[in-house]
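Have a look at the structure below before the remarks.
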Amino acid sequence: MLPLEEILKKLHDAVVGFDEAGAAQAARLLIEGGYDPLEGIMHGLSTGMDTVGALFKQQEYFVPEVLLCAEAMNAGMEVLRPHLQASSTRTLGTIILGTVQGDVHDIGKNIVKMMLEIGGFDVHDLGNNVPHKRFAEELARTDADLVGVSAMMTTTMMGMRSLIGMVKETKPHVGVLIGGAPVTREIAKMFNADGYADSAADVVGEAKRVMAAVKSA
Amino acid sequence: MMETGPLVRGAFGSKAWNTVLLGVVPFDPDIESLASRLRVTPDNPRRKELDAMVRDAAAIAAPKAFYGWAHVEHQGDGQVMVEGETFVSRMLRSALGDAEVVLPFVATAGIELQSWAASASSPLHAYWSDVIMDEALRCALTALERHVDARVGGRKTRCIKPGIPADWPVTEQRKLFALLGNMKKAVGVELTDACLMIPLKTVSGLRFQTDSEVEGCTWCPQKNCRHRKNPP
């Protein structure tokens with residue numbers, strides 16, 4: 001039986017090396033060794049994705065690599081998930097996600113969704129071209145902590161301001177994160193957003209920061 | 001390549017003349033090059049999936065382009081009037097220089113690929129579909145550029161698009177589409193109220209003859225773009 005540290009390293013390396021078969025095999029070793037599957041997720045697969053995020057920021061990895069790494073993470077998760085106890089699947093928070101009304105560009109939003117899920121958030125993805133009313137309905141239906149919205153065009157980006165206003169009016173303690181090609185930190189501030197992510201690599205950290213800030217306000 | 005044209009002024013309601021429809025541009029993507037861009041090595045178990053996707057896309061893709069000639073009627077302070085449509089942009093005005101004719105165009109990967117891409121079942125496949133559609137659009141743009149350059153002769157043409165430069169906003173596409181005519185009918189492209197072109201993998205703009213090295217890329221903030229034609 002391999003020591004836990006060695007298996008965790010195998011999980012980490014399989015994710016970073018986008019090796020799906022390797023991730024699944026290491027996950028099976030973890031289970032066969034009688035170790036806690038949550039250990040494998042938190043200190044093997046997730047730390048692997050943390051490394052991937054760092055490589056992305058350093059521009060050593062780009063979107064194609066990140067997506068392949070995520071598939072390796074998923075391969076490991078598929079093996080480990082059935083062995084998790086219900087109590088260990090608690091999420092960091094809930095976020096409602098979508099692209100702003102009029103905008104159907106969702107490649108970036110989908111990558112953000114994946115990063116948030118890997119980061120431990122429960123994501124309610126409303127898809128693309130989402131009317132404000134649909135965000136409002138989901139806010140009323142769920143106990144969401146955050147709303148995340150993206151736009152790829154300057155014309156559609158303007159709709160974010162009224163969406164943020166609507167969220168703040170109905171659920172003042174829900175934080176709003178925005179992003180997308182034309183969005184900057186200055187625009188986020190101007191629109192009264194609580195957070196802004198420059199890239200998918202930053203979104204989990206920013207979501208955690210906004211959640212903490214909104215809760216303590 | 002199925003070519004219809006030159007068409008008379010007024011084809012598809014266009015204000016331009018000598019319009020040309022490049023009906024179906026051949027799309028024969030280089031799988032090795034795509035796989036390399038997507039970091040899918042030959043020994044990667046995912047490689048067969050990618051190969052199959054590229055083959056499926058190539059089988060149904062129908063990239064298209066449409067363009068015509070249009071007179072520059074007046075150039076004022078930060079504005080250019082083309083066939084009755086006044087475009088407002090200092091950078092556009094500067095780029096066109098003393099051009100008397102411009103070629104408004106639209107090029108698209110086609111609605112066929114967009115419908116195909118909608119069935120992608122994972123973020124990975126969605127991204128691969130997106131990159132394949134980019135290639136199809138690139139194919140339409142290259143065919144358009146070659147066709148235009150062959151027809152105009154002499155100096156090369158260059159390109160400028162609403163949204164790039166920043167002082168020529170995407171909302172000016174309404175005027176460009178008024179100039180071009182019924183692009184839904186010609187090449188299946190719609191312009192939404194938000195000035196989004198559907199299919200998403202569509203580009204519109206003006207081509208023009210110039211001796212300068214100016215290109216739409218000159219003003220684009222994406223300095224690392226692999227398609228960039230000018231150095232940053």
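Ligands are numbered from 1 in the order shown, chains are lettered A, B, ... in the order of the structure tokens, and residues start at 1 in each chain.
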### Task
Excluding Ala126 in chain B and any residue of its chain fewer than 3 positions from it, enumerate the residues within 10 Å of it, using only C-alpha atoms, and give them as an MDAnalysis selection string.
(chainID A and resid 106:107 110:111) or (chainID B and resid 117:123 129:132)
### Task
Within 7 Å of chain A, which residues of chain B are there when counting only C-alpha atoms? Please give them as a ChimeraX atom specification.
/B:38-39,123-124,127,194
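The nearest approach to Ala75 in chain A among the residues A:Val52, A:Ile187, A:Ile164, A:Ala14, with only C-alpha atoms taken into account, belongs to A:Ala14.
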#### Entry: Closest of B:Val88, B:Ala95, B:Ala57, B:Ala52 to Gln114 in chain B - atom-to-atom distances counting only C-alpha atoms
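Ranking B:Val88, B:Ala95, B:Ala57, B:Ala52 by distance to Gln114 in chain B, first place goes to B:Ala57.
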### Task
Please give the complete set of residues from range 31-157 of chain A that DSSP, run on the backbone, assigns to helix (DSSP H, G or I), formatted as a count of residues only.
74
### Message
Residues near Gly188 in chain B, anyone? I mean within 8 Å using only C-alpha atoms, not counting same-chain ones fewer than 5 positions away, as a VMD selection string.
### Response
chain B and resid 110 to 111 183 199
### Task
Write out as a ChimeraX atom specification which residues come within 12 Å of Glu137 in chain A when counting only C-alpha atoms, dropping same-chain ones fewer than 2 positions away.
/A:96,126,130-135,139-144,166-167,170-171
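If you look at CA of Gln85 in chain A and CA of Leu4 in chain A, they are 19.1 Å away from each other.
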### Query
When DSSP works through the backbone of this structure, what residues of range 166-204 of chain B end up as strand (DSSP E), shown as a list of chain:residue names?
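Filtering range 166-204 of chain B down to strand (DSSP E) leaves B:Glu190, B:Leu191, B:Met197, B:Ile198, B:Thr202, B:Val203, B:Ser204.
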Please produce a file of those selected residues containing C-alpha atoms, as a compact mmCIF listing (two decimals), in the first residue's frame.
# COMPACT_ATOMS: atom_id res chain seq x y z
CA GLU B 190 -28.39 38.80 -38.39
CA LEU B 191 -27.51 41.91 -36.39
CA MET B 197 -23.88 39.35 -35.05
CA ILE B 198 -25.49 35.93 -35.23
CA THR B 202 -18.93 36.54 -37.94
CA VAL B 203 -16.86 39.59 -38.79
CA SER B 204 -17.96 42.72 -40.62
Using only C-alpha atoms, which residues sit within 12 Å of range 28-41 of chain A once same-chain residues fewer than 6 positions away are excluded, as a compact mmCIF listing (two decimals) with N, CA and C atoms, in the first residue's frame?
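Writing the result to out_13.txt gives the following:
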# COMPACT_ATOMS: atom_id res chain seq x y z
N MET A 1 0.85 -1.20 0.00
CA MET A 1 0.00 0.00 0.00
C MET A 1 0.88 1.25 0.00
N LEU A 2 0.55 2.16 -0.88
CA LEU A 2 1.35 3.39 -0.97
C LEU A 2 0.99 4.34 0.17
N PRO A 3 1.99 5.09 0.67
CA PRO A 3 1.66 6.09 1.68
C PRO A 3 0.74 7.17 1.10
N LEU A 4 -0.04 7.78 1.97
CA LEU A 4 -1.02 8.79 1.53
C LEU A 4 -0.35 9.91 0.74
N GLU A 5 0.78 10.40 1.26
CA GLU A 5 1.46 11.52 0.60
C GLU A 5 1.81 11.22 -0.85
N GLU A 6 2.20 9.97 -1.07
CA GLU A 6 2.58 9.57 -2.44
C GLU A 6 1.36 9.56 -3.37
N ILE A 7 0.24 9.07 -2.83
CA ILE A 7 -0.98 9.03 -3.65
C ILE A 7 -1.47 10.46 -3.93
N LEU A 8 -1.38 11.32 -2.92
CA LEU A 8 -1.81 12.70 -3.13
C LEU A 8 -0.97 13.37 -4.21
N LYS A 9 0.32 13.06 -4.19
CA LYS A 9 1.20 13.63 -5.22
C LYS A 9 0.82 13.10 -6.61
N LYS A 10 0.47 11.81 -6.67
CA LYS A 10 0.05 11.23 -7.95
C LYS A 10 -1.22 11.94 -8.46
N LEU A 11 -2.15 12.21 -7.54
CA LEU A 11 -3.38 12.91 -7.93
C LEU A 11 -3.05 14.31 -8.44
N HIS A 12 -2.23 15.00 -7.68
CA HIS A 12 -1.80 16.36 -8.05
C HIS A 12 -1.15 16.36 -9.43
N VAL A 15 -3.44 15.68 -12.45
CA VAL A 15 -4.25 16.86 -12.84
C VAL A 15 -3.37 17.84 -13.62
N ALA A 21 -6.44 9.12 -17.11
CA ALA A 21 -6.31 7.74 -16.63
C ALA A 21 -5.48 7.71 -15.35
N GLY A 22 -4.45 8.53 -15.29
CA GLY A 22 -3.59 8.58 -14.10
C GLY A 22 -4.35 9.08 -12.89
N THR A 47 -5.47 20.69 -5.04
CA THR A 47 -4.16 21.36 -5.04
C THR A 47 -3.55 21.29 -6.44
N GLY A 48 -3.88 20.23 -7.17
CA GLY A 48 -3.45 20.15 -8.57
C GLY A 48 -4.05 21.30 -9.37
N MET A 49 -5.35 21.55 -9.16
CA MET A 49 -5.98 22.66 -9.89
C MET A 49 -5.44 24.01 -9.41
N ASP A 50 -5.05 24.09 -8.14
CA ASP A 50 -4.41 25.34 -7.66
C ASP A 50 -3.12 25.60 -8.45
N MET A 73 -9.18 16.15 -13.45
CA MET A 73 -9.76 16.31 -12.11
C MET A 73 -11.10 15.57 -12.04
N ASN A 74 -11.92 15.76 -13.08
CA ASN A 74 -13.23 15.09 -13.10
C ASN A 74 -13.09 13.57 -13.08
N ALA A 75 -12.08 13.07 -13.79
CA ALA A 75 -11.86 11.61 -13.82
C ALA A 75 -11.56 11.09 -12.41
N GLY A 76 -10.75 11.84 -11.66
CA GLY A 76 -10.46 11.47 -10.28
C GLY A 76 -11.69 11.60 -9.40
N MET A 77 -12.43 12.67 -9.62
CA MET A 77 -13.65 12.92 -8.81
C MET A 77 -14.68 11.81 -8.99
N GLU A 78 -14.80 11.32 -10.21
CA GLU A 78 -15.79 10.27 -10.49
C GLU A 78 -15.52 9.02 -9.66
N VAL A 79 -14.25 8.75 -9.44
CA VAL A 79 -13.89 7.58 -8.62
C VAL A 79 -14.15 7.88 -7.15
N LEU A 80 -13.81 9.08 -6.72
CA LEU A 80 -13.88 9.39 -5.28
C LEU A 80 -15.29 9.74 -4.79
N ARG A 81 -16.07 10.39 -5.64
CA ARG A 81 -17.37 10.92 -5.22
C ARG A 81 -18.27 9.88 -4.55
N PRO A 82 -18.42 8.69 -5.11
CA PRO A 82 -19.33 7.71 -4.48
C PRO A 82 -18.90 7.31 -3.07
N HIS A 83 -17.65 7.57 -2.72
CA HIS A 83 -17.15 7.17 -1.40
C HIS A 83 -17.22 8.29 -0.37
N LEU A 84 -17.69 9.45 -0.81
CA LEU A 84 -17.77 10.58 0.12
C LEU A 84 -18.98 10.43 1.03
N GLN A 85 -18.81 10.86 2.27
CA GLN A 85 -19.97 10.89 3.15
C GLN A 85 -20.73 12.17 2.86
N ALA A 86 -22.04 12.13 3.05
CA ALA A 86 -22.87 13.31 2.73
C ALA A 86 -22.37 14.55 3.45
N SER A 87 -21.89 14.39 4.67
CA SER A 87 -21.47 15.54 5.47
C SER A 87 -20.21 16.21 4.90
N SER A 88 -19.47 15.46 4.08
CA SER A 88 -18.22 16.03 3.58
C SER A 88 -18.38 16.73 2.24
N THR A 89 -19.62 16.81 1.73
CA THR A 89 -19.83 17.45 0.44
C THR A 89 -20.37 18.88 0.59
N ARG A 90 -20.21 19.44 1.78
CA ARG A 90 -20.70 20.80 2.03
C ARG A 90 -19.98 21.79 1.11
N ILE A 118 -15.04 23.47 -9.11
CA ILE A 118 -13.83 22.83 -8.60
C ILE A 118 -13.41 23.48 -7.28
N GLY A 119 -13.64 24.80 -7.20
CA GLY A 119 -13.28 25.54 -5.99
C GLY A 119 -14.21 25.30 -4.82
N GLY A 120 -15.29 24.56 -5.03
CA GLY A 120 -16.16 24.19 -3.92
C GLY A 120 -17.48 24.94 -3.86
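You will find CA of Arg46 in chain B at 24.3 Å from CA of Ala54 in chain A.
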#### Entry: Shell around range 100-109 of chain B at 7 Å using only C-alpha atoms, local window under 4 positions removed, as a ChimeraX atom specification
/B:62-72,113,133,136-137,140-141,180,201-208
Written file, previous selection with N, CA, C and O atoms, as a tab-separated table (two decimals), in the first residue's frame:
chain	number	residue	atom	x	y	z
B	62	ALA	N	-20.27	25.60	-43.69
B	62	ALA	CA	-20.51	26.37	-44.91
B	62	ALA	C	-20.15	27.83	-44.66
B	62	ALA	O	-21.03	28.69	-44.60
B	63	PRO	N	-18.84	28.12	-44.52
B	63	PRO	CA	-18.44	29.52	-44.34
B	63	PRO	C	-18.82	30.32	-45.59
B	63	PRO	O	-18.79	29.79	-46.70
B	64	LYS	N	-19.14	31.58	-45.37
B	64	LYS	CA	-19.61	32.42	-46.47
B	64	LYS	C	-19.08	33.84	-46.31
B	64	LYS	O	-18.70	34.24	-45.20
B	65	ALA	N	-19.11	34.59	-47.39
B	65	ALA	CA	-18.74	36.01	-47.31
B	65	ALA	C	-19.49	36.80	-48.38
B	65	ALA	O	-19.92	36.23	-49.38
B	66	PHE	N	-19.63	38.07	-48.12
B	66	PHE	CA	-20.31	38.97	-49.05
B	66	PHE	C	-19.60	40.31	-49.00
B	66	PHE	O	-19.23	40.78	-47.92
B	67	TYR	N	-19.40	40.90	-50.16
B	67	TYR	CA	-18.81	42.24	-50.17
B	67	TYR	C	-19.22	43.00	-51.42
B	67	TYR	O	-19.78	42.41	-52.36
B	68	GLY	N	-18.94	44.28	-51.42
B	68	GLY	CA	-19.22	45.08	-52.61
B	68	GLY	C	-18.37	46.34	-52.60
B	68	GLY	O	-17.58	46.56	-51.67
B	69	TRP	N	-18.52	47.11	-53.64
B	69	TRP	CA	-17.79	48.38	-53.75
B	69	TRP	C	-18.70	49.51	-53.25
B	69	TRP	O	-19.91	49.48	-53.51
B	70	ALA	N	-18.14	50.50	-52.61
B	70	ALA	CA	-18.94	51.64	-52.18
B	70	ALA	C	-18.10	52.92	-52.27
B	70	ALA	O	-16.92	52.90	-51.94
B	71	HIS	N	-18.75	54.00	-52.71
B	71	HIS	CA	-18.04	55.28	-52.85
B	71	HIS	C	-17.89	55.96	-51.50
B	71	HIS	O	-18.85	56.03	-50.72
B	72	VAL	N	-16.71	56.50	-51.27
B	72	VAL	CA	-16.54	57.41	-50.13
B	72	VAL	C	-16.96	58.79	-50.66
B	72	VAL	O	-16.28	59.37	-51.51
B	113	LEU	N	-22.44	25.56	-38.48
B	113	LEU	CA	-21.48	25.18	-37.43
B	113	LEU	C	-21.97	25.62	-36.05
B	113	LEU	O	-21.74	24.93	-35.05
B	133	MET	N	-14.81	26.59	-35.02
B	133	MET	CA	-15.59	27.64	-35.69
B	133	MET	C	-14.71	28.84	-36.03
B	133	MET	O	-14.89	29.49	-37.06
B	136	ALA	N	-13.08	28.13	-39.21
B	136	ALA	CA	-14.00	28.28	-40.35
B	136	ALA	C	-14.17	29.76	-40.71
B	136	ALA	O	-14.19	30.13	-41.89
B	137	LEU	N	-14.27	30.58	-39.68
B	137	LEU	CA	-14.37	32.03	-39.93
B	137	LEU	C	-13.10	32.54	-40.61
B	137	LEU	O	-13.15	33.33	-41.55
B	140	ALA	N	-13.19	31.83	-44.19
B	140	ALA	CA	-14.05	32.76	-44.94
B	140	ALA	C	-13.34	34.10	-45.14
B	140	ALA	O	-13.39	34.69	-46.22
B	141	LEU	N	-12.66	34.57	-44.10
B	141	LEU	CA	-11.96	35.86	-44.18
B	141	LEU	C	-10.80	35.80	-45.18
B	141	LEU	O	-10.57	36.74	-45.94
B	180	LEU	N	-24.67	47.27	-46.37
B	180	LEU	CA	-24.51	45.93	-46.95
B	180	LEU	C	-25.82	45.36	-47.49
B	180	LEU	O	-25.82	44.65	-48.49
B	201	LYS	N	-19.65	33.66	-34.82
B	201	LYS	CA	-18.36	33.68	-35.52
B	201	LYS	C	-18.54	34.40	-36.86
B	201	LYS	O	-18.57	33.79	-37.93
B	202	THR	N	-18.72	35.69	-36.77
B	202	THR	CA	-18.93	36.54	-37.94
B	202	THR	C	-18.14	37.82	-37.75
B	202	THR	O	-18.02	38.32	-36.62
B	203	VAL	N	-17.60	38.33	-38.83
B	203	VAL	CA	-16.86	39.59	-38.79
B	203	VAL	C	-17.41	40.49	-39.90
B	203	VAL	O	-17.68	40.01	-41.00
B	204	SER	N	-17.58	41.77	-39.58
B	204	SER	CA	-17.96	42.72	-40.62
B	204	SER	C	-17.02	43.91	-40.56
B	204	SER	O	-16.39	44.15	-39.52
B	205	GLY	N	-16.92	44.63	-41.63
B	205	GLY	CA	-16.04	45.81	-41.64
B	205	GLY	C	-15.89	46.38	-43.02
B	205	GLY	O	-16.72	46.14	-43.91
B	206	LEU	N	-14.85	47.15	-43.19
B	206	LEU	CA	-14.54	47.77	-44.48
B	206	LEU	C	-13.13	47.34	-44.89
B	206	LEU	O	-12.21	47.37	-44.07
B	207	ARG	N	-12.98	46.96	-46.15
B	207	ARG	CA	-11.64	46.78	-46.70
B	207	ARG	C	-11.37	48.00	-47.57
B	207	ARG	O	-12.29	48.60	-48.14
B	208	PHE	N	-10.11	48.37	-47.67
B	208	PHE	CA	-9.76	49.56	-48.46
B	208	PHE	C	-8.32	49.43	-48.93
B	208	PHE	O	-7.51	48.75	-48.28
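Summary of the local environment: counting only C-alpha atoms, residues at most 7 Å from range 171-176 of chain B, other than itself and those fewer than 2 positions away along its chain, are Glu85, Phe87, Pro162, Trp168, Pro169, Ala178, Leu179, Leu180 and Cys195 of chain B.
From CA of Thr157 in chain B back to CA of Thr210 in chain B, the distance works out to 6.4 Å.
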### Message
For a quick check of understanding, using only C-alpha atoms, which of B:Cys159, B:Leu96, B:Ile164, B:Ile31 has the smallest distance to Leu144 in chain B?
### Response
B:Cys159
